[in-house]
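Here is query.cif, consisting of mmCIF, C-alpha atoms:
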data_model
loop_
_atom_site.label_atom_id
_atom_site.label_comp_id
_atom_site.auth_asym_id
_atom_site.auth_seq_id
_atom_site.Cartn_x
_atom_site.Cartn_y
_atom_site.Cartn_z
CA GLU A 1 18.95 45.73 -20.83
CA SER A 2 18.87 43.46 -17.77
CA LEU A 3 22.63 43.82 -17.29
CA GLY A 4 22.41 47.56 -17.80
CA SER A 5 19.71 47.68 -15.17
CA VAL A 6 21.89 45.69 -12.81
CA GLN A 7 24.82 48.03 -13.38
CA ASN A 8 22.66 51.13 -12.98
CA MET A 9 22.01 50.63 -9.28
CA SER A 10 20.65 54.16 -8.94
CA LEU A 11 17.50 53.10 -10.86
CA LEU A 12 16.71 50.27 -8.42
CA PRO A 13 14.41 50.91 -5.47
CA SER A 14 15.91 50.77 -2.04
CA GLY A 15 16.14 47.34 -0.49
CA PHE A 16 16.08 45.54 -3.90
CA ALA A 17 19.08 43.22 -4.04
CA PRO A 18 20.87 42.44 -7.34
CA THR A 19 20.41 38.74 -6.64
CA ASN A 20 16.64 39.20 -6.81
CA LEU A 21 16.94 40.86 -10.20
CA LEU A 22 19.21 38.08 -11.46
CA SER A 23 16.72 35.48 -10.20
CA LEU A 24 13.92 37.19 -12.12
CA ALA A 25 16.04 37.34 -15.25
CA LEU A 26 16.86 33.64 -14.95
CA MET A 27 13.20 32.74 -14.51
CA ALA A 28 12.27 34.82 -17.55
CA GLN A 29 14.85 32.97 -19.62
CA LEU A 30 13.51 29.62 -18.41
CA VAL A 31 9.93 30.58 -19.23
CA SER A 32 10.92 31.92 -22.64
CA GLY A 33 12.80 28.66 -23.26
CA PHE A 34 9.54 26.71 -22.99
CA GLU A 35 7.70 28.85 -25.49
CA PRO A 36 9.03 27.08 -28.63
CA THR A 37 8.02 23.77 -27.10
CA SER A 38 4.49 24.96 -26.39
CA THR A 39 4.28 26.46 -29.86
CA PHE A 40 5.47 23.16 -31.32
CA LEU A 41 2.81 21.26 -29.43
CA GLN A 42 0.11 23.68 -30.53
CA SER A 43 1.22 23.37 -34.14
CA ARG A 44 1.11 19.57 -33.87
CA VAL A 45 -2.38 19.66 -32.38
CA PHE A 46 -3.68 21.99 -35.09
CA SER A 47 -1.96 19.93 -37.79
CA PHE A 48 -3.85 16.85 -36.61
CA SER A 49 -7.22 18.63 -36.50
CA PRO A 50 -7.84 18.47 -40.30
CA LEU A 51 -7.08 14.74 -40.22
CA MET A 52 -9.51 14.26 -37.36
CA GLN A 53 -12.12 16.27 -39.23
CA GLU A 54 -11.65 14.19 -42.39
CA ALA A 55 -11.97 10.98 -40.38
CA ALA A 56 -15.19 12.23 -38.80
CA GLU A 57 -16.60 13.18 -42.20
CA ALA A 58 -15.63 9.79 -43.63
CA GLU A 59 -17.70 8.03 -40.98
CA VAL A 60 -20.85 9.93 -42.02
CA PRO A 61 -22.59 8.04 -44.88
CA PRO A 62 -23.62 10.10 -47.91
CA THR A 63 -27.18 11.37 -47.91
CA PHE A 64 -29.47 9.42 -50.23
CA SER A 65 -31.23 11.41 -52.93
CA VAL A 66 -33.43 9.94 -55.64
CA ARG A 67 -32.22 12.66 -57.99
CA ASP A 68 -28.73 11.15 -57.89
CA LEU A 69 -29.91 7.82 -59.30
CA PRO A 70 -29.39 6.83 -62.95
CA GLY A 71 -32.29 7.17 -65.33
CA ILE A 72 -32.79 10.93 -65.24
CA SER A 73 -32.22 12.32 -68.72
CA ALA A 74 -33.50 14.90 -71.19
CA PRO A 75 -36.03 15.92 -72.32
CA LEU A 76 -38.19 14.88 -69.35
CA GLY A 77 -35.54 15.17 -66.65
CA PHE A 78 -36.86 14.03 -63.27
CA PHE A 79 -40.28 12.65 -64.23
CA ASP A 80 -42.55 11.54 -61.38
CA PRO A 81 -46.06 12.85 -62.07
CA LEU A 82 -47.69 10.43 -59.57
CA ASN A 83 -45.20 11.34 -56.84
CA PHE A 84 -44.03 7.80 -56.10
CA CYS A 85 -40.77 9.26 -54.82
CA GLY A 86 -42.37 11.85 -52.57
CA GLU A 87 -42.23 10.17 -49.16
CA ALA A 88 -40.48 6.96 -50.21
CA SER A 89 -37.50 5.78 -48.19
CA GLU A 90 -34.19 4.66 -49.66
CA GLY A 91 -35.20 1.00 -49.31
CA LYS A 92 -38.52 1.61 -51.05
CA MET A 93 -36.84 3.53 -53.89
CA LYS A 94 -34.36 0.71 -54.39
CA PHE A 95 -37.32 -1.69 -54.59
CA TYR A 96 -38.98 0.48 -57.26
CA ARG A 97 -35.73 0.65 -59.21
CA GLU A 98 -35.20 -3.11 -59.01
CA VAL A 99 -38.73 -3.70 -60.32
CA GLU A 100 -38.16 -1.27 -63.18
CA LEU A 101 -34.86 -2.88 -64.12
CA LYS A 102 -36.28 -6.41 -64.13
CA HIS A 103 -39.33 -5.47 -66.19
CA GLY A 104 -37.16 -3.48 -68.60
CA ARG A 105 -34.73 -6.35 -69.16
CA VAL A 106 -37.54 -8.85 -69.67
CA ALA A 107 -39.27 -6.45 -72.07
CA MET A 108 -36.08 -5.98 -74.11
CA LEU A 109 -35.68 -9.75 -74.48
CA ALA A 110 -39.38 -10.17 -75.23
CA SER A 111 -39.36 -7.46 -77.90
CA LEU A 112 -36.42 -9.07 -79.66
CA GLY A 113 -37.88 -12.56 -79.38
CA PHE A 114 -41.29 -11.39 -80.51
CA LEU A 115 -39.92 -10.03 -83.78
CA VAL A 116 -37.30 -12.69 -84.52
CA GLY A 117 -39.49 -15.64 -83.55
CA GLU A 118 -42.12 -14.84 -86.13
CA GLN A 119 -39.56 -14.85 -88.96
CA PHE A 120 -37.07 -17.45 -87.74
CA HIS A 121 -38.41 -20.40 -85.73
CA PRO A 122 -36.29 -23.54 -86.15
CA LEU A 123 -37.27 -25.06 -82.80
CA PHE A 124 -39.83 -27.85 -82.52
CA GLY A 125 -39.34 -28.84 -86.13
CA GLY A 126 -40.09 -25.38 -87.45
CA ASP A 127 -43.82 -26.00 -87.20
CA VAL A 128 -44.56 -23.12 -84.82
CA ASP A 129 -45.39 -20.63 -87.57
CA VAL A 130 -47.96 -18.52 -85.76
CA PRO A 131 -48.17 -14.99 -84.31
CA SER A 132 -45.89 -14.64 -81.31
CA TYR A 133 -48.66 -13.90 -78.86
CA ILE A 134 -49.91 -17.51 -79.14
CA ALA A 135 -46.61 -19.22 -80.01
CA PHE A 136 -46.20 -20.70 -76.51
CA GLN A 137 -49.54 -22.47 -76.74
CA GLU A 138 -48.41 -24.17 -79.95
CA THR A 139 -45.35 -25.79 -78.37
CA PRO A 140 -45.08 -28.94 -76.22
CA LEU A 141 -44.14 -26.64 -73.32
CA GLN A 142 -47.81 -25.77 -73.01
CA THR A 143 -48.40 -29.16 -71.38
CA PHE A 144 -45.56 -28.67 -68.89
CA TRP A 145 -46.07 -25.01 -68.11
CA PRO A 146 -45.92 -25.59 -64.29
CA VAL A 147 -42.41 -27.02 -64.73
CA VAL A 148 -41.41 -24.06 -66.89
CA ALA A 149 -42.76 -21.64 -64.27
CA LEU A 150 -40.83 -23.50 -61.55
CA LEU A 151 -37.55 -23.27 -63.46
CA ILE A 152 -38.03 -19.54 -63.99
CA SER A 153 -38.86 -19.01 -60.32
CA VAL A 154 -35.54 -20.52 -59.23
CA PHE A 155 -33.72 -17.41 -60.42
CA GLU A 156 -36.26 -15.17 -58.75
CA VAL A 157 -35.83 -16.83 -55.36
CA PHE A 158 -32.30 -15.44 -55.02
CA SER A 159 -33.65 -11.88 -55.16
CA VAL A 160 -35.47 -12.49 -51.87
CA PHE A 161 -32.17 -12.15 -50.01
CA SER A 162 -31.83 -8.56 -51.20
CA PHE A 163 -34.96 -7.49 -49.29
CA ASN A 164 -35.14 -6.05 -45.80
CA SER A 165 -36.75 -8.36 -43.28
CA PRO A 166 -40.53 -7.76 -43.10
CA PHE A 167 -40.43 -8.54 -39.38
CA GLY A 168 -39.81 -5.22 -37.71
CA GLY A 169 -38.55 -3.56 -40.90
CA GLU A 170 -40.13 -1.77 -43.82
CA ARG A 171 -42.07 -4.07 -46.13
CA TRP A 172 -41.25 -4.23 -49.83
CA SER A 173 -37.93 -2.50 -49.39
CA ILE A 174 -34.39 -3.48 -50.36
CA ARG A 175 -31.21 -3.29 -48.30
CA SER A 176 -29.17 -0.12 -48.69
CA ASP A 177 -25.98 -2.10 -49.38
CA TYR A 178 -27.54 -3.90 -52.37
CA GLU A 179 -26.63 -2.56 -55.81
CA ASN A 180 -29.68 -2.54 -58.06
CA GLY A 181 -29.47 -4.83 -61.06
CA ASN A 182 -26.09 -6.30 -60.16
CA LEU A 183 -26.46 -10.03 -60.74
CA GLY A 184 -22.73 -10.63 -60.93
CA PHE A 185 -23.10 -11.52 -64.61
CA ASP A 186 -20.83 -9.57 -66.97
CA PRO A 187 -19.09 -12.10 -69.25
CA LEU A 188 -18.07 -9.45 -71.79
CA GLY A 189 -16.68 -7.04 -69.17
CA LEU A 190 -18.91 -4.17 -70.29
CA ARG A 191 -19.27 -2.64 -66.83
CA PRO A 192 -17.16 0.57 -66.65
CA SER A 193 -14.94 1.13 -63.63
CA ASP A 194 -15.48 4.90 -63.73
CA PRO A 195 -18.61 5.89 -61.70
CA VAL A 196 -19.63 8.59 -64.19
CA GLU A 197 -19.40 6.22 -67.15
CA PHE A 198 -21.27 3.53 -65.22
CA LYS A 199 -24.11 5.94 -64.39
CA ASP A 200 -24.35 6.91 -68.06
CA LEU A 201 -24.49 3.25 -69.12
CA ALA A 202 -27.10 2.47 -66.45
CA THR A 203 -29.23 5.38 -67.71
CA LYS A 204 -29.06 3.99 -71.25
CA GLU A 205 -30.16 0.56 -70.02
CA LEU A 206 -33.10 2.07 -68.14
CA ASN A 207 -34.20 4.17 -71.11
CA ASN A 208 -34.01 1.19 -73.48
CA GLY A 209 -35.93 -0.92 -70.98
CA ARG A 210 -38.64 1.73 -70.65
CA LEU A 211 -38.99 1.92 -74.42
CA ALA A 212 -39.12 -1.89 -74.65
CA MET A 213 -41.95 -2.06 -72.09
CA PHE A 214 -44.04 0.26 -74.22
CA GLY A 215 -42.91 -1.57 -77.36
CA ILE A 216 -43.84 -5.10 -76.28
CA ALA A 217 -47.19 -3.88 -74.94
CA GLY A 218 -47.93 -2.31 -78.32
CA MET A 219 -46.88 -5.43 -80.27
CA VAL A 220 -49.02 -7.75 -78.14
CA GLY A 221 -51.93 -5.34 -78.39
CA GLN A 222 -51.64 -5.18 -82.18
CA GLU A 223 -51.62 -8.95 -82.59
CA LEU A 224 -54.51 -9.37 -80.15
CA ALA A 225 -56.48 -6.87 -82.24
CA THR A 226 -55.58 -8.29 -85.66
CA GLY A 227 -54.86 -11.93 -84.91
CA GLU A 228 -51.96 -11.82 -87.36
CA LYS A 229 -48.20 -11.49 -87.28
CA LEU A 230 -46.64 -8.08 -87.11
CA PHE A 231 -44.93 -8.54 -90.51
#

Go ahead and express the file in the form of structure tokens.
Amino acid sequence: ESLGSVQNMSLLPSGFAPTNLLSLALMAQLVSGFEPTSTFLQSRVFSFSPLMQEAAEAEVPPTFSVRDLPGISAPLGFFDPLNFCGEASEGKMKFYREVELKHGRVAMLASLGFLVGEQFHPLFGGDVDVPSYIAFQETPLQTFWPVVALLISVFEVFSVFSFNSPFGGERWSIRSDYENGNLGFDPLGLRPSDPVEFKDLATKELNNGRLAMFGIAGMVGQELATGEKLF
């Protein structure tokens, strides 16, 4: 069309030289030649934008929610009638969970020992044949109970390092990077690598620990009331 316009001189206004028209055509070609480059740059910029967005999202830590923690199961679901979780921070909730885990584990061991010890007691010559709630008083350990308490406290001291500093921080709260109940002790390799399976296993441990806390309280109460062995 540009060449046709150049050849059709009758369509040009007076005083308009062909060289001017050729200059305009050349400039148009030069400008159009840069368009693919600009389009290429735009496409590169837009192609990087999802990566930049993903990087920005990766820097944002996930929002903590108590309803995402293990231990919520049927039929009660999320059970908090006293509203301990209402205004509690993440550090405070991790402290509550650590307390629950420790008491549950101790209660599970105590329940097993309470039942087995009354029927099978080979230690100390087999002479400790009494109800479990007074079995400790019948052993030589009764005389050295401060030493026993000291040995037990050694393991508890290490848990202090999982707490937030009380100076300027929230009291009775645990660091957000601490994993509740993880003592680094798994000799049988029972810990699943899949997060869903691990949450399911953690829920089972919590439920068994909760049941054991009620169980050991009931067993001690029964023996205190009767003064006799359970069986």

Original post:
Using only C-alpha atoms, which residues sit within 12 Å of stretch 198-201 of chain A once same-chain residues fewer than 3 positions away are excluded, as a PyMOL selection string?
Top reply: chain A and resi 68-73+180+190-195+204-208

Original post:
How many Å lie between atom CA of A:Ser65 and atom CA of A:Pro166, rounded to one decimal?
Top reply: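 Calculated distance between atom CA of A:Ser65 and atom CA of A:Pro166 is 23.5 Å.
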
Enumerate, as a PDB file with C-alpha atoms, in the coordinates of the input, the residues matched when the PyMOL selection byres ((chain A and resi 89) around 12) is run on the file above.
ATOM      1  CA  THR A  63     -27.180  11.370 -47.910  1.00  0.00           C
ATOM      2  CA  PHE A  64     -29.470   9.420 -50.230  1.00  0.00           C
ATOM      3  CA  SER A  65     -31.230  11.410 -52.930  1.00  0.00           C
ATOM      4  CA  VAL A  66     -33.430   9.940 -55.640  1.00  0.00           C
ATOM      5  CA  PHE A  84     -44.030   7.800 -56.100  1.00  0.00           C
ATOM      6  CA  CYS A  85     -40.770   9.260 -54.820  1.00  0.00           C
ATOM      7  CA  GLY A  86     -42.370  11.850 -52.570  1.00  0.00           C
ATOM      8  CA  GLU A  87     -42.230  10.170 -49.160  1.00  0.00           C
ATOM      9  CA  ALA A  88     -40.480   6.960 -50.210  1.00  0.00           C
ATOM     10  CA  GLU A  90     -34.190   4.660 -49.660  1.00  0.00           C
ATOM     11  CA  GLY A  91     -35.200   1.000 -49.310  1.00  0.00           C
ATOM     12  CA  LYS A  92     -38.520   1.610 -51.050  1.00  0.00           C
ATOM     13  CA  MET A  93     -36.840   3.530 -53.890  1.00  0.00           C
ATOM     14  CA  LYS A  94     -34.360   0.710 -54.390  1.00  0.00           C
ATOM     15  CA  PHE A  95     -37.320  -1.690 -54.590  1.00  0.00           C
ATOM     16  CA  TYR A  96     -38.980   0.480 -57.260  1.00  0.00           C
ATOM     17  CA  GLY A 169     -38.550  -3.560 -40.900  1.00  0.00           C
ATOM     18  CA  GLU A 170     -40.130  -1.770 -43.820  1.00  0.00           C
ATOM     19  CA  ARG A 171     -42.070  -4.070 -46.130  1.00  0.00           C
ATOM     20  CA  TRP A 172     -41.250  -4.230 -49.830  1.00  0.00           C
ATOM     21  CA  SER A 173     -37.930  -2.500 -49.390  1.00  0.00           C
ATOM     22  CA  ILE A 174     -34.390  -3.480 -50.360  1.00  0.00           C
ATOM     23  CA  ARG A 175     -31.210  -3.290 -48.300  1.00  0.00           C
ATOM     24  CA  SER A 176     -29.170  -0.120 -48.690  1.00  0.00           C
TER      25      SER A 176
END

Subject >> Between atom CA of A:Leu211 and atom CA of A:Ile134 - distance in Å to one decimal >> reply: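 According to the coordinates, atom CA of A:Ile134 and atom CA of A:Leu211 are separated by 22.8 Å.
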
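You can rank A:Gly221, A:Gly168, A:Gly209, A:Gly227 by their closest distance to A:Leu112 using all atoms listed in the file, and at the top of that list sits A:Gly209.
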
Subject >> Counting only C-alpha atoms, the residue of A:Asp80, A:Glu118, A:Glu223, A:Glu98 that sits nearest A:Gly181 >> reply: A:Glu98
